[in-house]
Amino acid sequence: MSPTVNGATVVARAEAPATTASAPPRRRRMPSTRWAALAFLAPLVAYLAIFYAYPLYRNVELSLHDYTPRAFVQGNAEFLGLANYADVIASNTFGPALRNTALFTLVSIAAQYAIGLALAVFFHHHFRLSGVLRAMFLVPWLLPLIVSASTWSWMLNSENGIVNSVLEAFGIGQINWLTSPDSALWSVIVANIWLGIPFNLVILYAGLQNISGDLYEAAALDGANAWQRFWRVTFPLLRPVSAITLLLGLIYTLKVVDVIWIMTTGGPGNASITLAVWSYREAFGTGQPDFSPAAAVGNLLIVIALAAGFVYLYLQRRQERT
Amino acid sequence: MKRPSTTARARFRSVGAAGSAVLVVTAMAACSSSGDDGGDTETSSDTYTWWDPYPQHDETSDWAQRVAACGDEAGVTIERTAYDTTALTNQALLAAQEGTAPDIILLDNPAVSTLADTGMLTTMEEFGFDTSAIDENLLAAGVVDGDAYGIPIGANTLAIYYNQQILDASGVDPASITDWASLTAALQQVTAAGHKGITFAAIGTEEGSFQFLPWFWGAGADLRDLDSAEGVQALQLWTGWLEAGYAPNSVITNSQNTTWEEFLTGEFAFAVNGTWQVNSAAEAGFPTGVVSVPGVDGGAAPTPTGGEFITAPVQDDTSRYDVTTQIVECMTTPEGLVETANTFAYYIPPTAEGQDALLSENPSLQPWVDAVRTAKGRTSDDLGTDYPLISEALWTAVQNALSGSMSPEEALAEAQANAESATE
């Protein structure tokens with residue numbers, strides 16, 4: 001998403017000075033500056049084409065053909081049209097995967113945002129050691145995912161996990177966090193929330209620093225209490241930052257594979273499978289790569305992310321107009 | 001199947017959700033560019049490329065030196081690249097598509113039929129190899145429509161390790177474990193004595209199927225008929241163990257490596273694991289032993305074979321085949337097979353001659369040689385490329401039944417329906 005936005009601004013910047021500077025004198029000089037502008041653009045266009053447009057095209061192409069391993073090597077995949085999509089949607093994995101994706105994504109980003117915002121506001125009031133504490137909250141971000149996900153799966157182990165041993169000390173029996181179909185999804189959601197808090201904390205904290213202290217002073221003079229200051233000043237002024245945080249969070253969370261794969265491999269059975277994990281499993285998780293359905297599932301995810309992007313743009317436009 | 005945890009762990013590292021194609025494409029770009037770099041004809045005629053699934057053996061390892069020695073013998077340099085097992089299959093497919101396949105690939109045995117089906121592998125007959133000396137049950141995984149597409153360089157399989165201390169303390173004689181009933185009775189005895197029973201891997205990947213198969217086959221079930229009474233009986237054995245507390249609930253997410261770590265804590269009486277843990281078992285802090293996985297009514301159950309095949313992908317330049325032949329030969333002589341077996345900490349040679357030679361060096365491996373002789377390829381019984389699809393349905397059923405979301409009958413009935421629709 002962001003490279004395209006950057007791309008557009010770069011284009012605008014590169015072209016605007018060139019045309020304004022060269023327009024008045026002679027018409028003849030126009031082409032050479034145009035060429036120069038195009039030359040400056042070329043690396044970017046090439047980059048976008050190679051790393052964004054082509055993979056996207058290839059993903060669509062994979063999903064419209066029947067790429068068995070044999071067809072993949074021999075390059076004679078049969079064209080199927082939308083049959084892969086029909087198969088994916090008719091599959092009895094689709095329902096659970098879609099439901100789990102929705103739950104996983106929405107619960108994760110709601111909790112990440114709420115906790116991240118609470119922590120950001122908390123750290124906004126500087127106090128002794130607040131810097132150190134804040135730095136410690138960033139640890140989940142710094143750890144390689146394989147480390148944190150493995151640690152979570154150890155902690156939640158049914159027999160030897162620390163979580164169950166603490167619960168047992170309070171007389172609560174064994175809970176099969178990762179191995180029961182009722183709790184597996186919630187366990188991975190909790191782990192994912194923990195992983196996403198630092199991102200929300202950092203962006204929202206930065207947003208808070210942009211809110212002028214005068215406003216709080218004025219609000220305090222008007223007799224607003226802390227609660228009112230948050231809801232009347234902080235929250236509305238943080239809205240643009242919140243929107244982009246939630247959008248990025250949504251896109252990051254939609255495509256999470258690693259955390260779920262390490263903790264449950266989407267199981268038991270299909271209990272914690274999401275669209276992303278399903279796509280990964282089809283392509284790389286079995287002995288026989290099934291690229292076409294995997295690409296179809298991947299494209300559905302892209303469409304969902306794109307839809308969320310448009311909702312964001314629409315909301316932003318509406319806000320700018322008011 | 002040799003080093004499962006590296007496989008499972010390394011696989012997802014570079015993958016984003018919608019990114020399957022992105023990965024494919026970048027990998028393709030990587031392949032073709034490396035092909036261009038090595039495009040110097042002079043070097044490529046005496047440099048032969050070799051891929052294997054042993055990233056744990058680096059350049060200084062015995063294994064790497066053994067590979068290099070085979071190159072020296074043939075008068076060429078071997079450029080070895082190691083991938084983890086699943087990545088290797090994908091890389092091989094991509095390279096074949098680009099026409100940049102290496103000269104030799106060591107492939108995990110269930111992958112051989114998949115890659116042979118793409119037409120990217122040469123048959124061993126084309127190379128003039130006689131595969132008749134190789135144990136038929138081991139070679140079977142590499143045979144498609146009567147043609148062998150590779151030679152096993154060694155084999156491993158599953159058996160049940162036990163903790164001698166626990167068995168002694170609970171009064172269980174390992175020799176008494178001859179069928180399912182006596183095994184379950186032994187589990188009851190050790191758990192009654194306050195120990196943990198058995199641990200195995202029922203994770204939702206190929207490893208889960210790999211570990212379930214001895215019981216499935218041991219009950220007399222057939223992979224074409226997952227929901228037969230025998231298949232249900234095998235799954236009921238596992239769910240029964242979980243319900244009775246003989247096996248921990250965490251087996252549902254256990255990989256074979258995790259299972260082994262659990263066993264090494266010394267709390268478990270039994271663990272199902274493979275030949276590759278022989279060294280580790282000898283170094284455990286307690287005396288260990290091995291019994292074969294029993295069949296339902298006695299006798300040893302057929303266990304699935306693990307291990308790699310040496311294969312030669314099709315090349316545009318067929319003049320390269322002569323040297324490739326020499327390298328394959330170097331790896332598959334009886335001495336070569338024994339050397340591989342020792343380099344790999346107990347990989348059983350696939351020929352009777354090689355097995356005898358290994359046993360004369362190390363008689364304690366007898367139970368493993370027996371297990372390998374009765375083992376069965378997962379893609380055997382003409383399953384070939386259908387096996388991975390059936391296996392996925394099977395491990396899902398195992399997960400559903402063990403987690404209690406379905407009964408064994410329901411789970412296997414659903415698996416059979418899924419397997420049928422996937423393989424039709």
# chains A, B, ... in the order shown; residues from 1 in each chain; ligands from 1
$ residues_around --residues "segment 119-129 of chain B" --least-positions-apart "5" --cutoff "6 Å" --atoms "only C-alpha atoms" --output "VMD selection string"
chain B and resid 148 to 149 312 to 314
$ residues_around --residues "Thr93 of chain A" --least-positions-apart "4" --cutoff "12 Å" --atoms "only C-alpha atoms" --output "tab-separated table (two decimals) with C-alpha atoms, in the first residue's frame"
chain	number	residue	atom	x	y	z
A	87	ASP	CA	-13.79	-24.89	-5.16
A	88	VAL	CA	-12.27	-22.81	-2.41
A	89	ILE	CA	-15.58	-21.21	-1.49
A	97	ALA	CA	-11.47	-20.21	7.89
A	98	LEU	CA	-13.49	-17.09	7.10
A	99	ARG	CA	-15.12	-17.01	10.52
A	100	ASN	CA	-11.76	-17.54	12.25
A	101	THR	CA	-10.10	-14.88	10.09
A	266	GLY	CA	-4.22	-24.26	12.25
A	267	GLY	CA	-5.42	-27.18	14.31
A	269	GLY	CA	-8.15	-30.25	12.81
A	270	ASN	CA	-9.21	-26.91	11.40
A	271	ALA	CA	-10.13	-25.29	14.69
A	272	SER	CA	-7.73	-22.36	14.40
A	273	ILE	CA	-7.31	-22.15	10.65
A	274	THR	CA	-7.52	-18.72	9.01
A	275	LEU	CA	-7.51	-17.87	5.32
A	277	VAL	CA	-2.88	-20.28	7.20
A	278	TRP	CA	-5.04	-22.21	4.80
A	279	SER	CA	-3.29	-20.64	1.84
A	281	ARG	CA	-0.92	-25.01	4.14
A	282	GLU	CA	-2.13	-25.64	0.60
A	297	VAL	CA	-7.20	-18.02	-1.17
B	396	THR	CA	-6.72	-33.90	10.17
B	418	ASN	CA	-12.09	-35.46	1.75
$ atom_distance --atom1 "atom CA of Phe127 of chain A" --atom2 "atom CA of Ser148 of chain A"
29.1 Å
$ interface_residues --of "chain A" --to "chain B" --cutoff "6 Å" --atoms "only C-alpha atoms" --output "ChimeraX atom specification"
/A:55,59,70,73,158,179-180,255,268-269,276,287-288,298
$ write_last_selection --atoms "N, CA and C atoms" --output "mmCIF file, in the first residue's frame"
data_model
loop_
_atom_site.group_PDB
_atom_site.id
_atom_site.type_symbol
_atom_site.label_atom_id
_atom_site.label_comp_id
_atom_site.auth_asym_id
_atom_site.auth_seq_id
_atom_site.Cartn_x
_atom_site.Cartn_y
_atom_site.Cartn_z
ATOM 1 N N PRO A 55 4.299 -9.983 -9.483
ATOM 2 C CA PRO A 55 3.836 -11.028 -8.547
ATOM 3 C C PRO A 55 2.316 -11.085 -8.450
ATOM 4 N N ASN A 59 0.103 -14.184 -9.329
ATOM 5 C CA ASN A 59 -0.796 -14.780 -8.350
ATOM 6 C C ASN A 59 -2.173 -14.996 -8.955
ATOM 7 N N ARG A 70 3.118 -31.156 -11.793
ATOM 8 C CA ARG A 70 3.532 -31.483 -13.155
ATOM 9 C C ARG A 70 3.326 -30.293 -14.094
ATOM 10 N N VAL A 73 5.926 -27.519 -13.644
ATOM 11 C CA VAL A 73 7.234 -27.709 -14.274
ATOM 12 C C VAL A 73 7.124 -27.626 -15.786
ATOM 13 N N SER A 158 -0.376 -28.089 27.515
ATOM 14 C CA SER A 158 -1.397 -28.633 28.421
ATOM 15 C C SER A 158 -0.805 -29.209 29.698
ATOM 16 N N THR A 179 -4.829 -27.472 22.363
ATOM 17 C CA THR A 179 -5.244 -28.749 21.797
ATOM 18 C C THR A 179 -6.738 -28.978 21.889
ATOM 19 N N SER A 180 -7.478 -28.016 22.431
ATOM 20 C CA SER A 180 -8.929 -28.172 22.449
ATOM 21 C C SER A 180 -9.507 -27.294 21.340
ATOM 22 N N LYS A 255 -2.844 -11.220 7.410
ATOM 23 C CA LYS A 255 -1.885 -12.094 6.743
ATOM 24 C C LYS A 255 -1.021 -12.896 7.717
ATOM 25 N N PRO A 268 -6.392 -27.808 16.478
ATOM 26 C CA PRO A 268 -6.551 -29.207 16.058
ATOM 27 C C PRO A 268 -7.583 -29.335 14.942
ATOM 28 N N GLY A 269 -7.292 -30.181 13.985
ATOM 29 C CA GLY A 269 -8.148 -30.246 12.808
ATOM 30 C C GLY A 269 -8.066 -28.915 12.086
ATOM 31 N N ALA A 276 -5.236 -17.107 5.737
ATOM 32 C CA ALA A 276 -3.807 -17.041 5.449
ATOM 33 C C ALA A 276 -3.126 -18.381 5.726
ATOM 34 N N GLY A 287 2.790 -32.497 1.574
ATOM 35 C CA GLY A 287 3.826 -33.069 0.738
ATOM 36 C C GLY A 287 3.695 -32.658 -0.712
ATOM 37 N N GLN A 288 2.506 -32.215 -1.091
ATOM 38 C CA GLN A 288 2.303 -31.908 -2.491
ATOM 39 C C GLN A 288 1.831 -30.473 -2.668
ATOM 40 N N GLY A 298 -5.184 -16.682 -1.376
ATOM 41 C CA GLY A 298 -4.368 -15.477 -1.201
ATOM 42 C C GLY A 298 -5.014 -14.267 -1.852
#
